[in-house]
$ cat run07.txt   # compact mmCIF, C-alpha atoms
# COMPACT_ATOMS: atom_id res chain seq x y z
CA MET A 17 3.74 21.18 -1.19
CA ASP A 18 7.14 20.01 -0.03
CA ILE A 19 8.91 17.85 -2.62
CA GLU A 20 9.89 15.35 0.08
CA GLU A 21 6.28 14.92 1.13
CA SER A 22 5.09 14.26 -2.38
CA ARG A 23 7.37 11.27 -2.89
CA LEU A 24 5.54 7.97 -3.43
CA ASP A 25 6.67 4.46 -4.38
CA GLY A 26 6.71 2.78 -7.75
CA ASN A 27 3.41 1.22 -6.77
CA ALA A 28 1.77 4.59 -7.34
CA ALA A 29 2.67 4.37 -11.03
CA ALA A 30 1.54 0.77 -11.41
CA GLY A 31 -2.02 1.61 -12.44
CA LEU A 32 -1.10 4.08 -15.18
CA LEU A 33 1.78 1.97 -16.49
CA GLY A 34 -0.52 -1.07 -16.37
CA GLU A 35 -2.72 0.66 -18.92
CA ILE A 36 0.20 0.60 -21.35
CA PHE A 37 2.24 -2.50 -20.57
CA PRO A 38 0.81 -6.03 -20.45
CA PHE A 39 2.94 -7.02 -17.45
CA GLU A 40 3.17 -5.94 -13.80
CA MET A 41 5.48 -2.96 -13.99
CA THR A 42 6.44 -2.82 -10.31
CA MET A 43 8.39 -6.07 -10.70
CA VAL A 44 10.26 -4.93 -13.80
CA ARG A 45 13.87 -4.10 -13.00
CA THR A 46 15.00 -0.77 -14.40
CA LEU A 47 18.63 0.08 -15.19
CA CYS A 48 19.28 3.77 -14.62
CA ALA A 49 20.88 5.33 -17.69
CA ALA A 50 22.63 7.90 -15.50
CA CYS A 51 24.19 5.87 -12.69
CA GLY A 52 23.72 2.24 -13.66
CA ALA A 53 21.76 1.22 -10.57
CA MET A 54 19.23 -1.54 -11.12
CA GLU A 55 16.12 -1.77 -8.95
CA PRO A 56 12.57 -3.07 -9.23
CA ALA A 57 10.33 -0.26 -10.45
CA GLY A 58 8.26 -0.76 -7.30
CA ALA A 59 11.21 0.48 -5.22
CA GLU A 60 11.86 3.62 -7.26
CA PRO A 61 10.49 6.93 -5.99
CA VAL A 62 7.51 8.29 -7.89
CA TYR A 63 6.07 11.81 -8.04
CA ALA A 64 2.45 11.72 -9.09
CA ASP A 65 1.36 15.31 -8.52
CA ALA A 66 2.54 16.62 -11.90
CA PRO A 67 0.20 16.49 -14.92
CA GLY A 68 1.81 13.10 -15.43
CA ILE A 69 3.79 10.67 -13.33
CA VAL A 70 7.56 10.90 -12.91
CA MET A 71 9.63 7.94 -11.73
CA ARG A 72 13.14 8.68 -10.53
CA CYS A 73 16.19 6.59 -9.68
CA LEU A 74 16.32 5.53 -6.04
CA HIS A 75 20.08 6.09 -5.98
CA CYS A 76 20.86 9.20 -8.07
CA GLN A 77 17.38 10.77 -8.45
CA SER A 78 17.71 11.04 -12.22
CA VAL A 79 14.42 10.83 -14.10
CA LEU A 80 13.78 7.27 -15.31
CA ILE A 81 10.26 7.41 -16.72
CA LYS A 82 7.76 10.13 -17.50
CA VAL A 83 4.26 9.24 -18.52
CA VAL A 84 1.35 11.52 -19.31
CA HIS A 85 -2.19 10.45 -20.14
CA GLY A 86 -4.84 12.65 -21.65
CA GLY A 87 -7.14 13.13 -24.59
CA GLY A 88 -7.16 9.43 -25.39
CA ARG A 89 -3.35 9.17 -25.68
CA TYR A 90 -0.32 8.28 -23.63
CA TRP A 91 3.07 9.99 -23.88
CA LEU A 92 5.81 7.77 -22.53
CA ASP A 93 9.39 9.00 -22.07
CA LEU A 94 11.82 6.19 -21.19
CA ARG A 95 15.09 7.98 -21.91
CA GLY A 96 16.27 7.55 -18.35
CA VAL A 97 16.06 3.77 -18.51
CA ALA A 98 19.00 2.08 -20.24
CA CYS A 99 17.48 -1.38 -19.95
CA MET A 100 14.43 -3.11 -18.53
CA GLN A 101 14.44 -6.66 -17.24
CA VAL A 102 11.01 -8.26 -17.54
CA ASP A 103 10.20 -11.66 -16.05
CA GLU A 104 8.79 -14.21 -18.47
CA ARG A 105 5.90 -15.24 -16.24
CA MET B 19 -2.35 -20.19 -8.05
CA ALA B 20 -4.41 -17.30 -6.82
CA GLY B 21 -2.96 -14.04 -8.01
CA THR B 22 -1.63 -15.26 -11.33
CA ALA B 23 -3.07 -12.51 -13.44
CA VAL B 24 -3.85 -13.15 -17.05
CA LEU B 25 -1.29 -11.28 -19.08
CA GLY B 26 -2.86 -8.16 -20.47
CA ARG B 27 -3.38 -4.49 -19.93
CA LEU B 28 -5.29 -3.33 -16.90
CA THR B 29 -8.96 -2.82 -17.63
CA TRP B 30 -11.89 -1.49 -15.65
CA GLN B 31 -14.82 -3.58 -14.48
CA VAL B 32 -17.97 -2.65 -12.61
CA GLY B 33 -18.07 -3.95 -9.06
CA ARG B 34 -20.94 -4.00 -6.63
CA VAL B 35 -20.74 -3.10 -2.95
CA VAL B 36 -22.03 -6.10 -1.00
CA ASN B 37 -21.06 -5.01 2.51
CA SER B 38 -20.07 -1.83 4.28
CA MET B 39 -18.56 -1.81 7.75
CA VAL B 40 -17.64 1.14 9.98
CA GLU B 41 -14.10 0.74 11.33
CA THR B 42 -13.68 4.16 12.94
CA PRO B 43 -15.61 7.44 12.61
CA ARG B 44 -13.44 8.22 9.56
CA VAL B 45 -12.82 4.77 8.14
CA LYS B 46 -15.00 2.18 6.44
CA SER B 47 -14.38 -1.24 4.95
CA LEU B 48 -16.23 -1.98 1.71
CA THR B 49 -16.67 -5.50 0.36
CA LEU B 50 -16.77 -5.53 -3.44
CA GLU B 51 -18.20 -8.23 -5.64
CA LEU B 52 -16.38 -8.30 -8.97
CA PRO B 53 -17.57 -10.19 -12.05
CA ALA B 54 -14.05 -10.95 -13.34
CA TRP B 55 -11.54 -11.36 -10.53
CA GLY B 56 -8.50 -13.57 -10.95
CA GLY B 57 -7.45 -13.44 -7.31
CA HIS B 58 -4.86 -11.27 -5.61
CA ARG B 59 -1.85 -11.39 -3.32
CA ALA B 60 -1.53 -9.83 0.14
CA GLY B 61 -0.25 -6.27 -0.18
CA GLN B 62 -1.71 -5.49 -3.61
CA HIS B 63 -4.13 -2.66 -4.28
CA VAL B 64 -7.01 -1.80 -6.58
CA ASP B 65 -7.86 1.44 -8.34
CA LEU B 66 -11.38 2.79 -7.88
CA ARG B 67 -12.84 5.23 -10.40
CA LEU B 68 -15.70 7.67 -9.98
CA THR B 69 -17.32 9.45 -12.90
CA ALA B 70 -19.32 12.64 -12.38
CA GLU B 71 -22.39 13.51 -14.44
CA ASP B 72 -20.33 15.90 -16.55
CA GLY B 73 -17.85 13.14 -17.39
CA TYR B 74 -15.12 14.20 -14.97
CA GLN B 75 -13.30 11.18 -13.64
CA ALA B 76 -11.21 10.64 -10.52
CA VAL B 77 -9.11 7.56 -9.80
CA ARG B 78 -7.61 6.59 -6.44
CA SER B 79 -5.71 3.54 -5.23
CA TYR B 80 -6.80 1.56 -2.18
CA SER B 81 -5.03 -1.37 -0.59
CA ILE B 82 -6.85 -4.67 -0.42
CA ALA B 83 -7.51 -5.69 3.19
CA SER B 84 -8.83 -9.18 2.58
CA PRO B 85 -6.51 -12.19 2.24
CA PRO B 86 -6.20 -14.10 -1.03
CA GLU B 87 -8.00 -17.04 0.56
CA VAL B 88 -11.26 -15.06 0.56
CA GLY B 89 -13.02 -14.74 -2.76
CA SER B 90 -14.26 -11.21 -2.29
CA VAL B 91 -12.24 -8.01 -2.25
CA VAL B 92 -12.37 -5.77 0.81
CA VAL B 93 -10.95 -2.25 0.67
CA THR B 94 -10.60 -0.08 3.75
CA VAL B 95 -10.98 3.62 3.04
CA GLU B 96 -10.15 6.58 5.25
CA ARG B 97 -12.10 9.78 4.66
CA LEU B 98 -9.81 12.68 3.88
CA ASP B 99 -11.84 15.83 4.41
CA ASP B 100 -10.34 17.64 1.43
CA GLY B 101 -10.39 14.48 -0.68
CA GLU B 102 -12.13 14.12 -4.02
CA VAL B 103 -13.00 10.46 -3.75
CA SER B 104 -12.76 9.21 -0.18
CA PRO B 105 -15.64 11.33 1.27
CA TYR B 106 -17.95 9.79 -1.33
CA LEU B 107 -16.70 6.27 -0.63
CA VAL B 108 -17.04 6.62 3.14
CA ASP B 109 -20.19 8.74 3.44
CA GLU B 110 -22.27 8.16 0.32
CA LEU B 111 -21.59 4.73 -1.15
CA ARG B 112 -24.20 2.17 -0.08
CA VAL B 113 -24.64 -1.56 -0.31
CA ASP B 114 -25.74 -2.53 -3.84
CA ASP B 115 -24.18 0.61 -5.34
CA GLN B 116 -21.82 0.08 -8.26
CA ILE B 117 -18.29 1.37 -8.68
CA GLU B 118 -15.58 0.94 -11.30
CA VAL B 119 -12.62 -1.17 -10.20
CA ARG B 120 -9.38 -2.38 -11.75
CA GLY B 121 -6.70 -4.63 -10.35
CA PRO B 122 -5.08 -6.28 -8.60
CA ILE B 123 -2.17 -3.89 -8.99
CA GLY B 124 1.38 -4.07 -7.66
CA GLY B 125 3.74 -7.00 -7.32
CA TYR B 126 6.45 -5.40 -5.21
CA PHE B 127 4.87 -4.62 -1.83
CA VAL B 128 3.56 -8.16 -1.54
CA TRP B 129 4.03 -10.98 0.94
CA GLU B 130 3.26 -14.62 0.33
CA ILE B 131 3.63 -17.39 2.88
CA SER B 132 6.30 -19.06 0.73
CA GLN B 133 8.57 -16.03 1.30
CA GLY B 134 8.84 -16.99 4.99
CA GLY B 135 9.75 -14.62 7.76
CA PRO B 136 9.87 -13.53 10.46
CA LEU B 137 7.82 -10.51 9.48
CA PHE B 138 8.24 -7.06 10.97
CA LEU B 139 5.31 -4.90 9.90
CA VAL B 140 5.26 -1.18 10.63
CA SER B 141 2.33 1.07 9.89
CA GLY B 142 0.91 4.48 10.59
CA GLY B 143 -2.79 5.27 10.26
CA SER B 144 -4.48 3.58 7.33
CA GLY B 145 -1.10 2.10 6.39
CA ILE B 146 -2.27 -0.87 8.44
CA VAL B 147 -4.51 -2.04 5.57
CA PRO B 148 -2.09 -3.97 3.30
CA LEU B 149 -0.26 -5.27 6.38
CA MET B 150 -3.53 -6.63 7.75
CA ALA B 151 -4.00 -8.48 4.45
CA MET B 152 -0.60 -10.11 5.10
CA ILE B 153 -1.53 -11.07 8.67
CA ARG B 154 -4.90 -12.45 7.54
CA HIS B 155 -3.09 -14.38 4.77
CA ARG B 156 -0.71 -15.90 7.33
CA LEU B 157 -3.68 -17.03 9.45
CA ALA B 158 -5.92 -18.20 6.60
CA GLY B 159 -3.03 -20.04 4.98
CA GLY B 160 -2.09 -21.91 8.15
CA SER B 161 1.40 -20.44 8.34
CA GLU B 162 3.34 -20.14 11.61
CA VAL B 163 5.68 -17.35 10.47
CA PRO B 164 6.27 -15.08 13.48
CA ILE B 165 4.84 -11.61 13.02
CA MET B 166 5.61 -8.44 14.91
CA LEU B 167 3.24 -5.57 14.09
CA LEU B 168 4.06 -2.04 15.16
CA TYR B 169 1.13 0.33 14.61
CA SER B 170 1.06 4.07 15.18
CA SER B 171 -2.29 5.87 15.56
CA ARG B 172 -3.23 9.34 16.66
CA SER B 173 -5.56 8.02 19.35
CA HIS B 174 -7.37 4.85 20.42
CA ASP B 175 -10.44 6.02 18.48
CA ASP B 176 -8.39 6.10 15.28
CA VAL B 177 -7.28 2.46 15.53
CA ILE B 178 -8.50 0.48 12.52
CA TYR B 179 -9.33 -3.22 13.09
CA GLY B 180 -9.04 -2.64 16.86
CA THR B 181 -11.02 -5.70 17.97
CA GLU B 182 -9.17 -7.95 15.55
CA LEU B 183 -5.83 -6.60 16.73
CA GLU B 184 -6.68 -7.48 20.32
CA ALA B 185 -7.47 -11.04 19.26
CA LEU B 186 -4.27 -11.24 17.21
CA ALA B 187 -2.16 -10.06 20.13
CA ALA B 188 -3.32 -13.08 22.12
CA MET B 189 -2.22 -15.54 19.43
CA GLU B 190 0.95 -17.57 19.44
CA GLY B 191 3.61 -16.14 17.16
CA ILE B 192 1.96 -12.75 16.72
CA ARG B 193 2.90 -9.64 18.65
CA VAL B 194 1.15 -6.31 18.36
CA VAL B 195 2.67 -3.10 19.73
CA GLN B 196 0.76 0.15 19.42
CA THR B 197 1.73 3.73 19.96
CA TYR B 198 -0.72 6.63 20.33
CA THR B 199 0.86 9.85 19.15
CA ARG B 200 -1.70 12.47 20.19
CA VAL B 201 -4.19 11.17 22.74
CA GLN B 202 -3.64 8.20 25.01
CA PRO B 203 -6.39 6.22 26.72
CA PRO B 204 -6.59 6.63 30.53
CA GLY B 205 -4.02 4.47 32.26
CA TRP B 206 -2.12 3.81 29.02
CA GLU B 207 1.38 2.58 29.81
CA GLY B 208 2.52 1.86 26.29
CA TYR B 209 4.26 4.08 23.77
CA SER B 210 2.89 7.57 23.27
CA ARG B 211 5.18 9.06 20.65
CA ARG B 212 5.89 8.85 16.97
CA ILE B 213 7.91 5.85 15.87
CA ASP B 214 11.61 6.67 16.19
CA GLU B 215 14.86 4.74 16.14
CA SER B 216 14.89 3.97 19.85
CA LEU B 217 11.33 2.67 19.72
CA LEU B 218 12.27 0.50 16.74
CA GLY B 219 15.33 -0.68 18.61
CA ASP B 220 13.06 -1.80 21.46
CA VAL B 221 10.48 -3.70 19.44
CA ALA B 222 12.01 -4.80 16.10
CA PRO B 223 13.40 -8.30 15.73
CA PRO B 224 17.22 -8.12 15.83
CA PRO B 225 19.03 -7.92 12.46
CA GLY B 226 20.41 -11.42 13.11
CA GLU B 227 16.91 -12.84 12.67
CA ARG B 228 16.83 -11.29 9.20
CA PRO B 229 13.17 -10.23 9.32
CA LEU B 230 11.30 -9.26 6.18
CA ILE B 231 10.26 -5.68 6.83
CA TYR B 232 7.18 -4.02 5.36
CA ILE B 233 6.50 -0.36 6.12
CA CYS B 234 3.32 1.43 5.08
CA GLY B 235 1.97 4.84 6.00
CA PRO B 236 2.50 8.54 5.39
CA THR B 237 5.71 9.37 3.51
CA ALA B 238 7.48 10.91 6.51
CA LEU B 239 6.82 7.88 8.71
CA VAL B 240 7.86 5.41 6.01
CA GLU B 241 11.13 7.18 5.24
CA GLY B 242 11.97 7.68 8.91
CA VAL B 243 11.35 4.04 9.75
CA ALA B 244 13.16 2.72 6.67
CA SER B 245 16.31 4.73 7.37
CA SER B 246 16.20 3.84 11.08
CA MET B 247 15.95 0.15 10.24
CA VAL B 248 19.02 0.42 8.02
CA ALA B 249 20.82 2.31 10.80
CA LEU B 250 19.91 -0.51 13.19
CA GLY B 251 21.69 -2.95 10.89
CA HIS B 252 18.92 -4.40 8.75
CA GLU B 253 19.55 -5.20 5.09
CA PRO B 254 18.00 -2.62 2.74
CA THR B 255 17.00 -5.40 0.35
CA ARG B 256 14.74 -6.91 3.04
CA ILE B 257 12.87 -3.63 3.56
CA LYS B 258 9.85 -2.83 1.40
CA THR B 259 7.94 0.41 1.63
CA GLU B 260 4.65 1.82 0.51
CA ARG B 261 4.11 5.53 1.03
CA PHE B 262 0.74 7.20 1.11
CA GLY B 263 0.97 10.65 -0.37
CA PRO B 264 -0.32 13.71 1.47
CA THR B 265 -3.44 13.57 -0.68
CA GLY B 266 -4.05 10.09 0.63
CA ARG B 267 -4.92 7.04 -1.34
$ encode --input "run07.txt" --output "structure tokens"
Amino acid sequence: MDIEESRLDGNAAAGLLGEIFPFEMTMVRTLCAACGAMEPAGAEPVYADAPGIVMRCLHCQSVLIKVVHGGGRYWLDLRGVACMQVDER
Amino acid sequence: MAGTAVLGRLTWQVGRVVNSMVETPRVKSLTLELPAWGGHRAGQHVDLRLTAEDGYQAVRSYSIASPPEVGSVVVTVERLDDGEVSPYLVDELRVDDQIEVRGPIGGYFVWEISQGGPLFLVSGGSGIVPLMAMIRHRLAGGSEVPIMLLYSSRSHDDVIYGTELEALAAMEGIRVVQTYTRVQPPGWEGYSRRIDESLLGDVAPPPGERPLIYICGPTALVEGVASSMVALGHEPTRIKTERFGPTGR
């Protein structure tokens, strides 16, 4: 499958991330550790056809978040996110 | 306020199918009755989960078609012939059957009346579903926000919500433009090509009106339309996209 065709939006990660976080992850703003761009997670490109889900930066394509679920566990890699801004509500 | 979810992790609940409606030969709308539903916003989706006898589970996301003003949740599902979930949902699932549901999910690709407009909605195929929730929300909520809907289908037979779209097109403040990319009805004088920049230039509200733009459909359509809209002078921050992957949703 073409990598371009497999690109989805942050929405596609909302279900899996919603199993881990108690807030709506698509509205969380993520600061890219590589380029410093800040966007709502819902706007970031997501690739969901790996064993897990990979969210990349909309601007520099660096990996922001990797999450894998299996065998009753989650593995969450947030190294690509320098900061997350979460609304209080 | 409808849609204010209780803070907490997403959990599954068992819903019951209370109505099933054929939209096209490949598409059905299913009305789900859910025991614990805190309301939703137009544009959000739910996840549906099927469990096989051997324990194998498959989860897919489907946009909610019904407006927040309606208590029930309607999902519109297109059968993808090589799909794992959609053939079951479209061909096998019956009224009174149960299915696991979680949601509502997503807070980004959402429109509420308070956000104003005008709205420019662009969809291909089953990408119409969350946009229809927005249009239904506008009507049910008594809003007069102008809406322009551009909808690309392969043929007239593939048009989802066709009768409703005809009624909408006759309403004040709502315009519907369709394009048929493969087969056109006899005597069709409208667009008969994929959505491109010149087509968008013809039908989109001008950048000066600062429309809120929602684009939903296959990845190629969404990315083509989004970049064309930016090229036409629209602000990227007013463009929201939702791509359906090649495996469908």
$ residues_around --input "run07.txt" --residues "Cys76 of chain A" --least-positions-apart "2" --cutoff "10 Å" --atoms "all atoms listed in the file" --output "list in words"
Cys48, Ala50, Cys51, Gly52, Ala53, Arg72, Cys73, Leu74, Ser78 and Val79 of chain A
$ closest_atom_pairs --input "run07.txt" --of "chain B" --to "chain A" --cutoff "6 Å" --atoms "all atoms listed in the file" --output "Markdown table"
| residue | atom | partner | partner_atom | distance |
| --- | --- | --- | --- | --- |
| B:Leu25 | CA | A:Pro38 | CA | 5.8 |
| B:Gly26 | CA | A:Pro38 | CA | 4.2 |
| B:Arg27 | CA | A:Pro38 | CA | 4.5 |
| B:Leu28 | CA | A:Glu35 | CA | 5.2 |
| B:Gly124 | CA | A:Asn27 | CA | 5.7 |
| B:Gly125 | CA | A:Thr42 | CA | 5.8 |
| B:Tyr126 | CA | A:Gly58 | CA | 5.4 |
| B:Glu260 | CA | A:Asp25 | CA | 5.9 |
| B:Arg261 | CA | A:Leu24 | CA | 5.3 |
| B:Gly263 | CA | A:Ser22 | CA | 5.8 |
$ atom_distance --input "run07.txt" --atom1 "atom CA of Val36 of chain B" --atom2 "atom CA of Glu130 of chain B"
26.7 Å
$ atom_distance --input "run07.txt" --atom1 "atom CA of Glu51 of chain B" --atom2 "atom CA of Thr69 of chain B"
19.1 Å
$ atom_distance --input "run07.txt" --atom1 "atom CA of Ile117 of chain B" --atom2 "atom CA of Phe262 of chain B"
22.2 Å
